[in-house]
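Shown next, in structure tokens, is the structure this report addresses.
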Amino acid sequence: MARVLVGVKRVIDYAVKIRVKPDKTGVVTDGVKHSMNPFDEIAVEEAVRLKEKKIANEIVAVSCGPAQAQETLRTALAMGVDRGIHVEVSGSEYETLQPIHVSKILAKLAQDEKADIVIVGKQAIDDDSNQTAQMTAAVLDWPQGTFASKIEKGDGEITIIREIDGGLETIKVKLPAVVSADLRLNEPRYATLPNIMKAKKKPIKKVTPKDLGIDTAPRIQVISVADPPTRQAGSVLPDVDTLVAKLKEGGHV
Ligand code: AMP
């Protein structure tokens, strides 16, 4: 039986209209609705299904972030995760926390917890890095199956169907391994009220990167954050001849 470690990040909710801070150092997060990163809900769901299929016997969720990361962990616990680890990173340290740091934290916890499978989302929708799974596998020197749309357990290995450009790729990886969840892997369940109540009693351990021996000094400096350019208004043309004339005028034909 396997122990599964799942990474869950608290991000600005996907439905929120993002606003850039006037000083261009980042986006406005104060007073903005946050939720679990959607791909992490898929990662949690897959871990819970592995437990339901008796392939996994314990699921541990990890969230690196400020105090509110505990809310994200509670959501994971309400979906069926057994226990949580809150790696407390806040203030300016969290603002500059990068995938390399999260990867080292996940790798250390995977070793400490003797995990067989680490599942993370394919990307966090706030920074869109798509780096954590790959770097975690590299730090651990474990095989990786990224962009998973199906996972099947074999004997000491898993078969993963991956979403790749123009099709699907099937690979086999030996355990322990790192997997990243793509959109079509499953449809995450909603936590039911009784499970939300039960989740309140499940344990969450708090640690810091320092406790784990991880240096969080930034490697990347964000120079500036800006809104995408606003689209210019379009125009409605009466017929094809006018369109062709306009295109010629603009040097497009
Ligand atoms: P990224 O490489 O930043 O796009 O993130 C990919 C995945 O790594 C996410 O979907 C999460 O599963 C995991 N991850 C990233 N940042 C964190 C974090 N702060 N805490 C826990 N898991 C994280």
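Chain identifiers are assigned as A, B, and so on, following the order in which chains appear in the structure tokens; residues are numbered from 1 within each chain, and ligands are numbered from 1 in order of appearance.
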Contacts of range 56-64 of chain A at 7 Å or less, counting only C-alpha atoms, minus same-chain residues fewer than 5 places along, as a list in words? Met1, Ala2, Arg3, Val4, Leu5, Val6, Gly7, Val8, Lys9, Ala47, Leu50, Lys51, Ala69, Leu73, Ala76, Val81, Asp82, Arg83, Gly84, Ile85, His86, Val87, Glu88 and Val89 of chain A
Include N, CA, C and O atoms and write out the residues we just selected as a short mmCIF file (atom, residue, chain, number, x, y, z; two decimals), in the first residue's frame.
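And here is the file that came out, out-v2.cif:
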```cif
data_model
loop_
_atom_site.label_atom_id
_atom_site.label_comp_id
_atom_site.auth_asym_id
_atom_site.auth_seq_id
_atom_site.Cartn_x
_atom_site.Cartn_y
_atom_site.Cartn_z
N MET A 1 0.85 -1.21 0.00
CA MET A 1 0.00 0.00 0.00
C MET A 1 0.88 1.25 0.00
O MET A 1 1.97 1.25 0.55
N ALA A 2 0.33 2.26 -0.60
CA ALA A 2 1.17 3.44 -0.83
C ALA A 2 0.76 4.63 0.04
O ALA A 2 -0.40 4.76 0.42
N ARG A 3 1.75 5.45 0.35
CA ARG A 3 1.44 6.73 0.99
C ARG A 3 1.58 7.80 -0.08
O ARG A 3 2.55 7.84 -0.83
N VAL A 4 0.56 8.67 -0.13
CA VAL A 4 0.54 9.70 -1.18
C VAL A 4 0.68 11.09 -0.53
O VAL A 4 -0.01 11.38 0.44
N LEU A 5 1.57 11.88 -1.10
CA LEU A 5 1.74 13.27 -0.65
C LEU A 5 1.16 14.16 -1.74
O LEU A 5 1.49 14.00 -2.92
N VAL A 6 0.27 15.08 -1.35
CA VAL A 6 -0.35 15.97 -2.36
C VAL A 6 -0.02 17.42 -2.04
O VAL A 6 -0.14 17.84 -0.88
N GLY A 7 0.37 18.19 -3.03
CA GLY A 7 0.65 19.62 -2.86
C GLY A 7 -0.60 20.42 -3.15
O GLY A 7 -1.21 20.25 -4.21
N VAL A 8 -1.01 21.27 -2.19
CA VAL A 8 -2.20 22.11 -2.43
C VAL A 8 -1.84 23.58 -2.18
O VAL A 8 -1.39 23.95 -1.12
N LYS A 9 -2.05 24.39 -3.20
CA LYS A 9 -1.71 25.81 -3.08
C LYS A 9 -2.97 26.66 -3.00
O LYS A 9 -3.94 26.40 -3.71
N ALA A 47 -5.81 11.29 -5.44
CA ALA A 47 -5.25 10.62 -4.26
C ALA A 47 -6.36 9.91 -3.49
O ALA A 47 -6.19 8.76 -3.05
N LEU A 50 -7.33 6.80 -5.21
CA LEU A 50 -6.33 5.73 -4.99
C LEU A 50 -6.57 5.06 -3.64
O LEU A 50 -6.41 3.86 -3.49
N LYS A 51 -6.99 5.88 -2.67
CA LYS A 51 -7.27 5.30 -1.35
C LYS A 51 -8.55 4.46 -1.42
O LYS A 51 -8.60 3.36 -0.85
N ALA A 69 -3.33 29.32 4.51
CA ALA A 69 -3.09 28.05 3.79
C ALA A 69 -3.77 26.90 4.53
O ALA A 69 -4.08 25.86 3.94
N LEU A 73 -5.84 23.52 3.34
CA LEU A 73 -5.61 22.17 3.87
C LEU A 73 -6.92 21.57 4.39
O LEU A 73 -7.19 20.39 4.17
N ALA A 76 -8.88 20.16 1.63
CA ALA A 76 -8.32 18.87 1.21
C ALA A 76 -8.73 17.77 2.20
O ALA A 76 -9.10 16.67 1.81
N VAL A 81 -8.56 13.67 2.45
CA VAL A 81 -7.15 13.57 2.86
C VAL A 81 -7.10 13.25 4.36
O VAL A 81 -7.97 13.68 5.12
N ASP A 82 -6.07 12.49 4.80
CA ASP A 82 -6.02 12.07 6.21
C ASP A 82 -5.42 13.10 7.15
O ASP A 82 -5.87 13.28 8.26
N ARG A 83 -4.33 13.74 6.70
CA ARG A 83 -3.72 14.75 7.57
C ARG A 83 -3.01 15.81 6.73
O ARG A 83 -2.74 15.58 5.54
N GLY A 84 -2.72 16.94 7.38
CA GLY A 84 -2.13 18.05 6.64
C GLY A 84 -0.81 18.49 7.24
O GLY A 84 -0.56 18.30 8.44
N ILE A 85 0.03 19.07 6.38
CA ILE A 85 1.26 19.71 6.86
C ILE A 85 1.25 21.14 6.33
O ILE A 85 1.18 21.35 5.11
N HIS A 86 1.22 22.09 7.27
CA HIS A 86 1.26 23.50 6.86
C HIS A 86 2.69 23.99 7.00
O HIS A 86 3.22 24.06 8.11
N VAL A 87 3.30 24.30 5.86
CA VAL A 87 4.66 24.85 5.88
C VAL A 87 4.49 26.36 5.89
O VAL A 87 4.10 26.96 4.87
N GLU A 88 4.70 26.97 7.06
CA GLU A 88 4.35 28.37 7.20
C GLU A 88 5.39 29.29 6.56
O GLU A 88 6.56 29.31 6.93
N VAL A 89 4.92 30.03 5.56
CA VAL A 89 5.75 31.00 4.85
C VAL A 89 4.85 32.22 4.67
O VAL A 89 3.80 32.11 4.04
#
```
Polymer residues at most 9 Å from Ile158 in chain A, only C-alpha atoms, same-chain spacing of 4 or more positions, as a count of residues only: 10
Secondary structure check, strand (DSSP E or B) residues of range 24-219 of chain A, as a VMD selection string: chain A and resid 27 34 to 36 56 to 65 83 to 88 117 to 121 144 to 153 157 to 164 167 to 174 177 to 181 204 to 207
Using only C-alpha atoms and all ligand atoms, find each residue in chain A having at least one atom no more than 6 Å away from ligand 1; report its shortest atom-to-atom pair and that distance in Å (one decimal), rows by chain then rising number, as CSV.
```
residue,atom,partner,partner_atom_place_in_ligand_line,distance
A:Gly7,CA,ligand 1,22 (N),3.7
A:Val8,CA,ligand 1,22 (N),4.2
A:Lys9,CA,ligand 1,20 (N),4.2
A:Phe39,CA,ligand 1,10 (O),5.5
A:Asp40,CA,ligand 1,12 (O),4.9
A:Val62,CA,ligand 1,21 (C),5.5
A:Ser63,CA,ligand 1,21 (C),3.8
A:Cys64,CA,ligand 1,20 (N),3.8
A:Gly65,CA,ligand 1,19 (N),5.5
A:Pro99,CA,ligand 1,3 (O),5.2
A:Val102,CA,ligand 1,17 (C),5.8
A:Val120,CA,ligand 1,12 (O),3.5
A:Gly121,CA,ligand 1,10 (O),3.1
A:Lys122,CA,ligand 1,6 (C),5.1
A:Gln123,CA,ligand 1,4 (O),3.2
A:Ala124,CA,ligand 1,4 (O),3.9
A:Asp128,CA,ligand 1,4 (O),4.8
A:Ser129,CA,ligand 1,4 (O),3.8
A:Asn130,CA,ligand 1,4 (O),3.5
A:Gln131,CA,ligand 1,2 (O),3.6
A:Thr132,CA,ligand 1,2 (O),3.7
```
Surrounding residues of range 220-236 of chain A excluding itself and chain neighbours under 6 positions, 7 Å, only C-alpha atoms, as an MDAnalysis selection string: chainID A and resid 20 24:26
Could you write those residues out with N, CA and C atoms, as a PDB file, in the first residue's frame?
```pdb
ATOM      1  N   VAL A  20      -3.887  44.581 -11.124  1.00  0.00           N
ATOM      2  CA  VAL A  20      -2.458  44.811 -10.888  1.00  0.00           C
ATOM      3  C   VAL A  20      -2.317  45.971  -9.905  1.00  0.00           C
ATOM      4  N   LYS A  24       3.009  48.280  -9.646  1.00  0.00           N
ATOM      5  CA  LYS A  24       3.451  47.211 -10.568  1.00  0.00           C
ATOM      6  C   LYS A  24       4.332  46.135  -9.931  1.00  0.00           C
ATOM      7  N   THR A  25       4.241  45.992  -8.590  1.00  0.00           N
ATOM      8  CA  THR A  25       5.070  44.970  -7.944  1.00  0.00           C
ATOM      9  C   THR A  25       4.374  43.611  -7.918  1.00  0.00           C
ATOM     10  N   GLY A  26       3.088  43.579  -8.247  1.00  0.00           N
ATOM     11  CA  GLY A  26       2.342  42.315  -8.198  1.00  0.00           C
ATOM     12  C   GLY A  26       0.869  42.575  -8.406  1.00  0.00           C
TER      13      GLY A  26
END
```
Counting only C-alpha atoms, which residue out of A:Leu168, A:Ile119, A:Val178, A:Glu52 sits closest to Pro143 in chain A? A:Val178
Expressed in Å to a single decimal, how great is the separation between CA of Ile18 in chain A and CA of Phe147 in chain A?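 Pair CA of Ile18 in chain A / CA of Phe147 in chain A returns 25.8 Å.
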I need the residues in range 21-222 of chain A that are alpha helix (DSSP H) according to DSSP; give them as a count of residues only. 61
Report as a VMD selection string all protein, DNA and RNA residues lying within 9 Å of Ile12 in chain A, evaluated on only C-alpha atoms, omitting residues in the same chain fewer than 3 positions from it. chain A and resid 15 to 16 18 29 32 to 37 125 to 126
Close residues, Gly91 in chain A itself excluded, 10 Å, only C-alpha atoms, min 4 positions apart in chain, as number ranges by chain: A: 65-66, 95-96
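Taking CA of Lys206 in chain A and CA of Ala138 in chain A as the two end points, the separation is 25.4 Å.
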Between CA of Arg74 in chain A and CA of Lys200 in chain A, what is the distance in Å, rounded to a tenth?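 Distance between the two atoms: 7.0 Å.
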Between A:Val28, A:Ala43, A:Val118, A:Leu97, which is the closest to Ser149 in chain A once you count only C-alpha atoms? A:Ala43
